[in-house]
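First the structure, in the form of structure tokens, and then the observations on it.
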Amino acid sequence: QVQLVESGGGSVQAGGSLRLSCAASGYTSSSYCLSWFRQTPGKEREGVTAIYTFGGSTYSDDSVKGRFTVSQDNAKNTFYLQMHSLKPEDTATYYCAAVRGGHVAGPWCLDSNLAANWGRGTQVTVSS
């Protein structure tokens, strides 16, 4: 059973930066996307960006390309979401998830229906 714990959320002004962390444990297979999703009240959870644990390929939603970067530290079993140039519309609860599917990062990594395990979320608030 994969366990995921997010940290690093907070409040920041527009244009600022934050880094989220997700500590992962319990996974025995390398065939996962470790993915970041976000959700605001009344809206569906949406995929943001992901990294495939074997090989490190990444995939991001167009809305965050050039601003958000996903990375992993295998020694620490932790992956990260570095966010720059934050906008008020980035305000959401951010979740990390382990997503099972293909063999290289792709759109499937951002499909919440394929997520096998979820963290509890961390709040990011961006003020204008």
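Labels used: A, B, ... for chains in the order of the structure tokens, numbers from 1 for residues in each chain, and numbers from 1 for ligands as shown.
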
If you run DSSP over the backbone, which residues in chain A end up helix (DSSP H, G or I)? Put them as a PyMOL selection string. chain A and resi 74-76+88-90+107-110+112-114

Store the residues of this selection in a file with all heavy atoms, as a tab-separated table (two decimals), in the first residue's frame.
chain	number	residue	atom	x	y	z
A	74	ASN	N	15.04	10.06	-5.34
A	74	ASN	CA	14.82	8.65	-5.03
A	74	ASN	C	15.42	8.25	-3.69
A	74	ASN	O	14.89	7.39	-2.99
A	74	ASN	CB	15.39	7.78	-6.14
A	74	ASN	CG	14.60	7.90	-7.43
A	74	ASN	OD1	13.39	8.13	-7.40
A	74	ASN	ND2	15.26	7.75	-8.55
A	75	ALA	N	16.51	8.89	-3.33
A	75	ALA	CA	17.15	8.55	-2.06
A	75	ALA	C	16.25	8.89	-0.87
A	75	ALA	O	16.30	8.23	0.17
A	75	ALA	CB	18.49	9.27	-1.93
A	76	LYS	N	15.43	9.92	-1.05
A	76	LYS	CA	14.53	10.35	0.04
A	76	LYS	C	13.11	9.84	-0.17
A	76	LYS	O	12.23	10.14	0.66
A	76	LYS	CB	14.53	11.87	0.13
A	76	LYS	CG	15.87	12.47	0.52
A	76	LYS	CD	15.76	13.98	0.64
A	76	LYS	CE	17.09	14.59	1.06
A	76	LYS	NZ	17.02	16.06	1.17
A	88	PRO	N	-3.33	33.87	-8.94
A	88	PRO	CA	-4.47	33.61	-8.05
A	88	PRO	C	-5.25	32.36	-8.47
A	88	PRO	O	-5.77	31.64	-7.59
A	88	PRO	CB	-5.30	34.87	-8.19
A	88	PRO	CG	-4.31	35.94	-8.48
A	88	PRO	CD	-3.28	35.29	-9.37
A	89	GLU	N	-5.32	32.08	-9.74
A	89	GLU	CA	-6.06	30.90	-10.20
A	89	GLU	C	-5.35	29.58	-9.88
A	89	GLU	O	-5.92	28.51	-10.08
A	89	GLU	CB	-6.36	30.97	-11.70
A	89	GLU	CG	-5.16	31.26	-12.57
A	89	GLU	CD	-5.05	32.73	-12.93
A	89	GLU	OE1	-5.23	33.59	-12.02
A	89	GLU	OE2	-4.76	33.03	-14.12
A	90	ASP	N	-4.13	29.67	-9.37
A	90	ASP	CA	-3.45	28.46	-8.90
A	90	ASP	C	-3.88	28.08	-7.48
A	90	ASP	O	-3.50	27.02	-6.97
A	90	ASP	CB	-1.93	28.66	-8.91
A	90	ASP	CG	-1.36	28.83	-10.31
A	90	ASP	OD1	-1.81	28.10	-11.22
A	90	ASP	OD2	-0.49	29.70	-10.49
A	107	PRO	N	-0.42	11.76	-20.74
A	107	PRO	CA	-1.71	12.26	-20.23
A	107	PRO	C	-2.35	11.35	-19.19
A	107	PRO	O	-3.08	11.83	-18.31
A	107	PRO	CB	-2.56	12.34	-21.50
A	107	PRO	CG	-1.58	12.53	-22.62
A	107	PRO	CD	-0.38	11.73	-22.22
A	108	TRP	N	-2.12	10.05	-19.28
A	108	TRP	CA	-2.70	9.13	-18.31
A	108	TRP	C	-2.28	9.45	-16.88
A	108	TRP	O	-3.00	9.14	-15.93
A	108	TRP	CB	-2.36	7.68	-18.67
A	108	TRP	CG	-0.89	7.35	-18.63
A	108	TRP	CD1	0.01	7.48	-19.64
A	108	TRP	CD2	-0.15	6.85	-17.51
A	108	TRP	NE1	1.26	7.09	-19.23
A	108	TRP	CE2	1.20	6.70	-17.94
A	108	TRP	CE3	-0.48	6.51	-16.20
A	108	TRP	CZ2	2.19	6.21	-17.10
A	108	TRP	CZ3	0.51	6.03	-15.35
A	108	TRP	CH2	1.83	5.89	-15.80
A	109	CYS	N	-1.10	10.05	-16.73
A	109	CYS	CA	-0.62	10.39	-15.40
A	109	CYS	C	-1.51	11.42	-14.71
A	109	CYS	O	-1.48	11.52	-13.48
A	109	CYS	CB	0.80	10.96	-15.47
A	109	CYS	SG	2.02	9.83	-16.13
A	110	LEU	N	-2.25	12.18	-15.49
A	110	LEU	CA	-3.09	13.23	-14.92
A	110	LEU	C	-4.56	12.84	-14.90
A	110	LEU	O	-5.44	13.70	-14.75
A	110	LEU	CB	-2.89	14.52	-15.72
A	110	LEU	CG	-1.46	15.05	-15.82
A	110	LEU	CD1	-1.44	16.43	-16.47
A	110	LEU	CD2	-0.78	15.10	-14.45
A	112	SER	N	-7.28	11.34	-12.83
A	112	SER	CA	-7.53	11.02	-11.43
A	112	SER	C	-8.20	9.67	-11.26
A	112	SER	O	-8.09	9.04	-10.20
A	112	SER	CB	-8.37	12.11	-10.77
A	112	SER	OG	-9.63	12.23	-11.42
A	113	ASN	N	-8.89	9.20	-12.30
A	113	ASN	CA	-9.57	7.91	-12.21
A	113	ASN	C	-8.58	6.74	-12.14
A	113	ASN	O	-8.94	5.64	-11.73
A	113	ASN	CB	-10.50	7.70	-13.40
A	113	ASN	CG	-11.66	8.67	-13.39
A	113	ASN	OD1	-12.27	8.90	-12.36
A	113	ASN	ND2	-11.94	9.25	-14.54
A	114	LEU	N	-7.34	6.99	-12.57
A	114	LEU	CA	-6.32	5.95	-12.55
A	114	LEU	C	-5.47	5.98	-11.28
A	114	LEU	O	-4.62	5.12	-11.08
A	114	LEU	CB	-5.41	6.08	-13.77
A	114	LEU	CG	-6.08	5.93	-15.14
A	114	LEU	CD1	-5.05	6.12	-16.25
A	114	LEU	CD2	-6.77	4.58	-15.27

For Ser127 of chain A, please output as JSON, numbers by chain all residues within 10 Å (counting only C-alpha atoms; exclusion window: fewer than 6 positions along the same chain). {"A": [11, 12, 13, 14, 15, 16, 86, 87, 88, 89, 90, 91]}

Emit the selected residues as a short mmCIF file (atom, residue, chain, number, x, y, z; two decimals), in the first residue's frame, including N, CA and C atoms.
data_model
loop_
_atom_site.label_atom_id
_atom_site.label_comp_id
_atom_site.auth_asym_id
_atom_site.auth_seq_id
_atom_site.Cartn_x
_atom_site.Cartn_y
_atom_site.Cartn_z
N SER A 11 0.61 30.42 1.89
CA SER A 11 0.08 31.59 1.20
C SER A 11 1.22 32.38 0.59
N VAL A 12 0.97 32.89 -0.60
CA VAL A 12 2.00 33.65 -1.30
C VAL A 12 1.31 34.68 -2.19
N GLN A 13 2.00 35.74 -2.50
CA GLN A 13 1.45 36.74 -3.40
C GLN A 13 1.67 36.31 -4.85
N ALA A 14 0.85 36.83 -5.70
CA ALA A 14 0.97 36.54 -7.13
C ALA A 14 2.39 36.86 -7.60
N GLY A 15 2.91 35.96 -8.42
CA GLY A 15 4.28 36.11 -8.90
C GLY A 15 5.30 35.39 -8.04
N GLY A 16 4.87 34.94 -6.88
CA GLY A 16 5.78 34.26 -5.97
C GLY A 16 5.97 32.80 -6.30
N LEU A 86 3.40 32.21 -9.61
CA LEU A 86 2.07 31.78 -9.18
C LEU A 86 1.02 32.84 -9.47
N LYS A 87 -0.16 32.35 -9.80
CA LYS A 87 -1.30 33.21 -10.13
C LYS A 87 -2.44 32.92 -9.15
N PRO A 88 -3.33 33.87 -8.94
CA PRO A 88 -4.47 33.61 -8.05
C PRO A 88 -5.25 32.36 -8.47
N GLU A 89 -5.32 32.08 -9.74
CA GLU A 89 -6.06 30.90 -10.20
C GLU A 89 -5.35 29.58 -9.88
N ASP A 90 -4.13 29.67 -9.37
CA ASP A 90 -3.45 28.46 -8.90
C ASP A 90 -3.88 28.08 -7.48
N THR A 91 -4.65 28.95 -6.85
CA THR A 91 -5.14 28.67 -5.51
C THR A 91 -5.98 27.39 -5.51
#

Using only C-alpha atoms, which of A:Ser63, A:Thr122, A:Asn77, A:Thr58 sits nearest Tyr94 of chain A?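 For Tyr94 of chain A, the nearest of the given residues is A:Thr122.
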
Counting only C-alpha atoms, which of A:Gly56, A:Gly47, A:Gly106, A:Gly10 gets nearest to Asp73 of chain A?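 Counting only C-alpha atoms, the residue closest to Asp73 of chain A is A:Gly56.
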
If you count only C-alpha atoms, the residue of A:Val104, A:Ala23, A:Leu18, A:Val5 closest to Tyr52 of chain A turns out to be A:Val104

Go through chain A and collect every residue that DSSP, computed from the backbone, puts in strand (DSSP E or B); the answer should be as a PyMOL selection string. chain A and resi 3-7+10-13+18-25+32-39+46-52+58-60+68-73+78-83+92-100+115-118+122-127

How would the residues just chosen look if you wrote them out with C-alpha atoms as a short mmCIF file (atom, residue, chain, number, x, y, z; two decimals), in the first residue's frame?
data_model
loop_
_atom_site.label_atom_id
_atom_site.label_comp_id
_atom_site.auth_asym_id
_atom_site.auth_seq_id
_atom_site.Cartn_x
_atom_site.Cartn_y
_atom_site.Cartn_z
CA GLN A 3 1.35 6.06 1.44
CA LEU A 4 1.75 9.68 0.43
CA VAL A 5 2.15 12.74 2.64
CA GLU A 6 2.21 16.26 1.22
CA SER A 7 3.84 19.29 2.81
CA GLY A 10 1.01 28.09 2.26
CA SER A 11 0.08 31.59 1.20
CA VAL A 12 2.00 33.65 -1.30
CA GLN A 13 1.45 36.74 -3.40
CA LEU A 18 6.35 27.68 -3.47
CA ARG A 19 7.70 24.17 -3.33
CA LEU A 20 5.50 21.27 -2.34
CA SER A 21 6.88 17.94 -1.21
CA CYS A 22 5.32 14.51 -1.24
CA ALA A 23 6.92 11.78 0.83
CA ALA A 24 6.12 8.39 -0.64
CA SER A 25 6.47 4.99 0.96
CA TYR A 32 4.08 4.59 -11.31
CA CYS A 33 3.52 8.15 -12.19
CA LEU A 34 3.85 10.28 -9.11
CA SER A 35 1.41 13.01 -9.93
CA TRP A 36 0.19 16.30 -8.60
CA PHE A 37 -3.46 17.21 -8.76
CA ARG A 38 -5.35 20.21 -7.47
CA GLN A 39 -8.91 20.95 -6.55
CA GLU A 46 -7.50 18.27 -12.11
CA GLY A 47 -4.09 16.91 -12.99
CA VAL A 48 -1.21 19.36 -12.91
CA THR A 49 2.05 17.56 -13.53
CA ALA A 50 3.66 14.18 -13.04
CA ILE A 51 6.91 12.27 -13.11
CA TYR A 52 7.35 8.62 -14.02
CA THR A 58 7.52 14.12 -16.98
CA TYR A 59 4.21 15.39 -18.26
CA SER A 60 2.44 18.64 -17.44
CA PHE A 68 5.73 24.38 -12.52
CA THR A 69 8.40 21.71 -12.37
CA VAL A 70 8.13 18.21 -10.96
CA SER A 71 11.16 16.31 -9.71
CA GLN A 72 12.01 13.34 -7.54
CA ASP A 73 14.67 12.43 -5.04
CA THR A 78 10.17 12.18 -2.08
CA PHE A 79 8.94 14.07 -5.08
CA TYR A 80 8.48 17.76 -5.44
CA LEU A 81 6.40 20.37 -7.16
CA GLN A 82 8.28 23.61 -7.66
CA MET A 83 5.89 26.40 -8.54
CA ALA A 92 -6.31 25.16 -4.62
CA THR A 93 -5.74 22.16 -2.43
CA TYR A 94 -2.89 20.22 -3.97
CA TYR A 95 -2.75 16.46 -3.76
CA CYS A 96 -0.08 13.99 -4.69
CA ALA A 97 -1.04 10.62 -6.05
CA ALA A 98 0.43 7.39 -7.35
CA VAL A 99 -1.03 6.67 -10.77
CA ARG A 100 -0.69 3.33 -12.49
CA ALA A 115 -4.88 7.11 -9.23
CA ALA A 116 -4.30 4.24 -6.87
CA ASN A 117 -3.34 6.22 -3.79
CA TRP A 118 -3.79 9.78 -2.60
CA THR A 122 -2.01 20.75 1.20
CA GLN A 123 -3.50 24.18 0.67
CA VAL A 124 -1.93 26.74 -1.65
CA THR A 125 -3.34 30.25 -1.61
CA VAL A 126 -2.16 32.91 -4.04
CA SER A 127 -3.30 36.45 -3.41
#

Rounded to one decimal, what separation in Å do you get between atom CA of Ala105 of chain A and atom CA of Ser57 of chain A?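 We find that atom CA of Ala105 of chain A and atom CA of Ser57 of chain A lie 5.4 Å from each other.
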
Using only C-alpha atoms, pick whichever of A:Arg120, A:Pro41, A:Val2, A:Gly8 has the shortest atom-to-atom distance to Gly26 of chain A. A:Val2
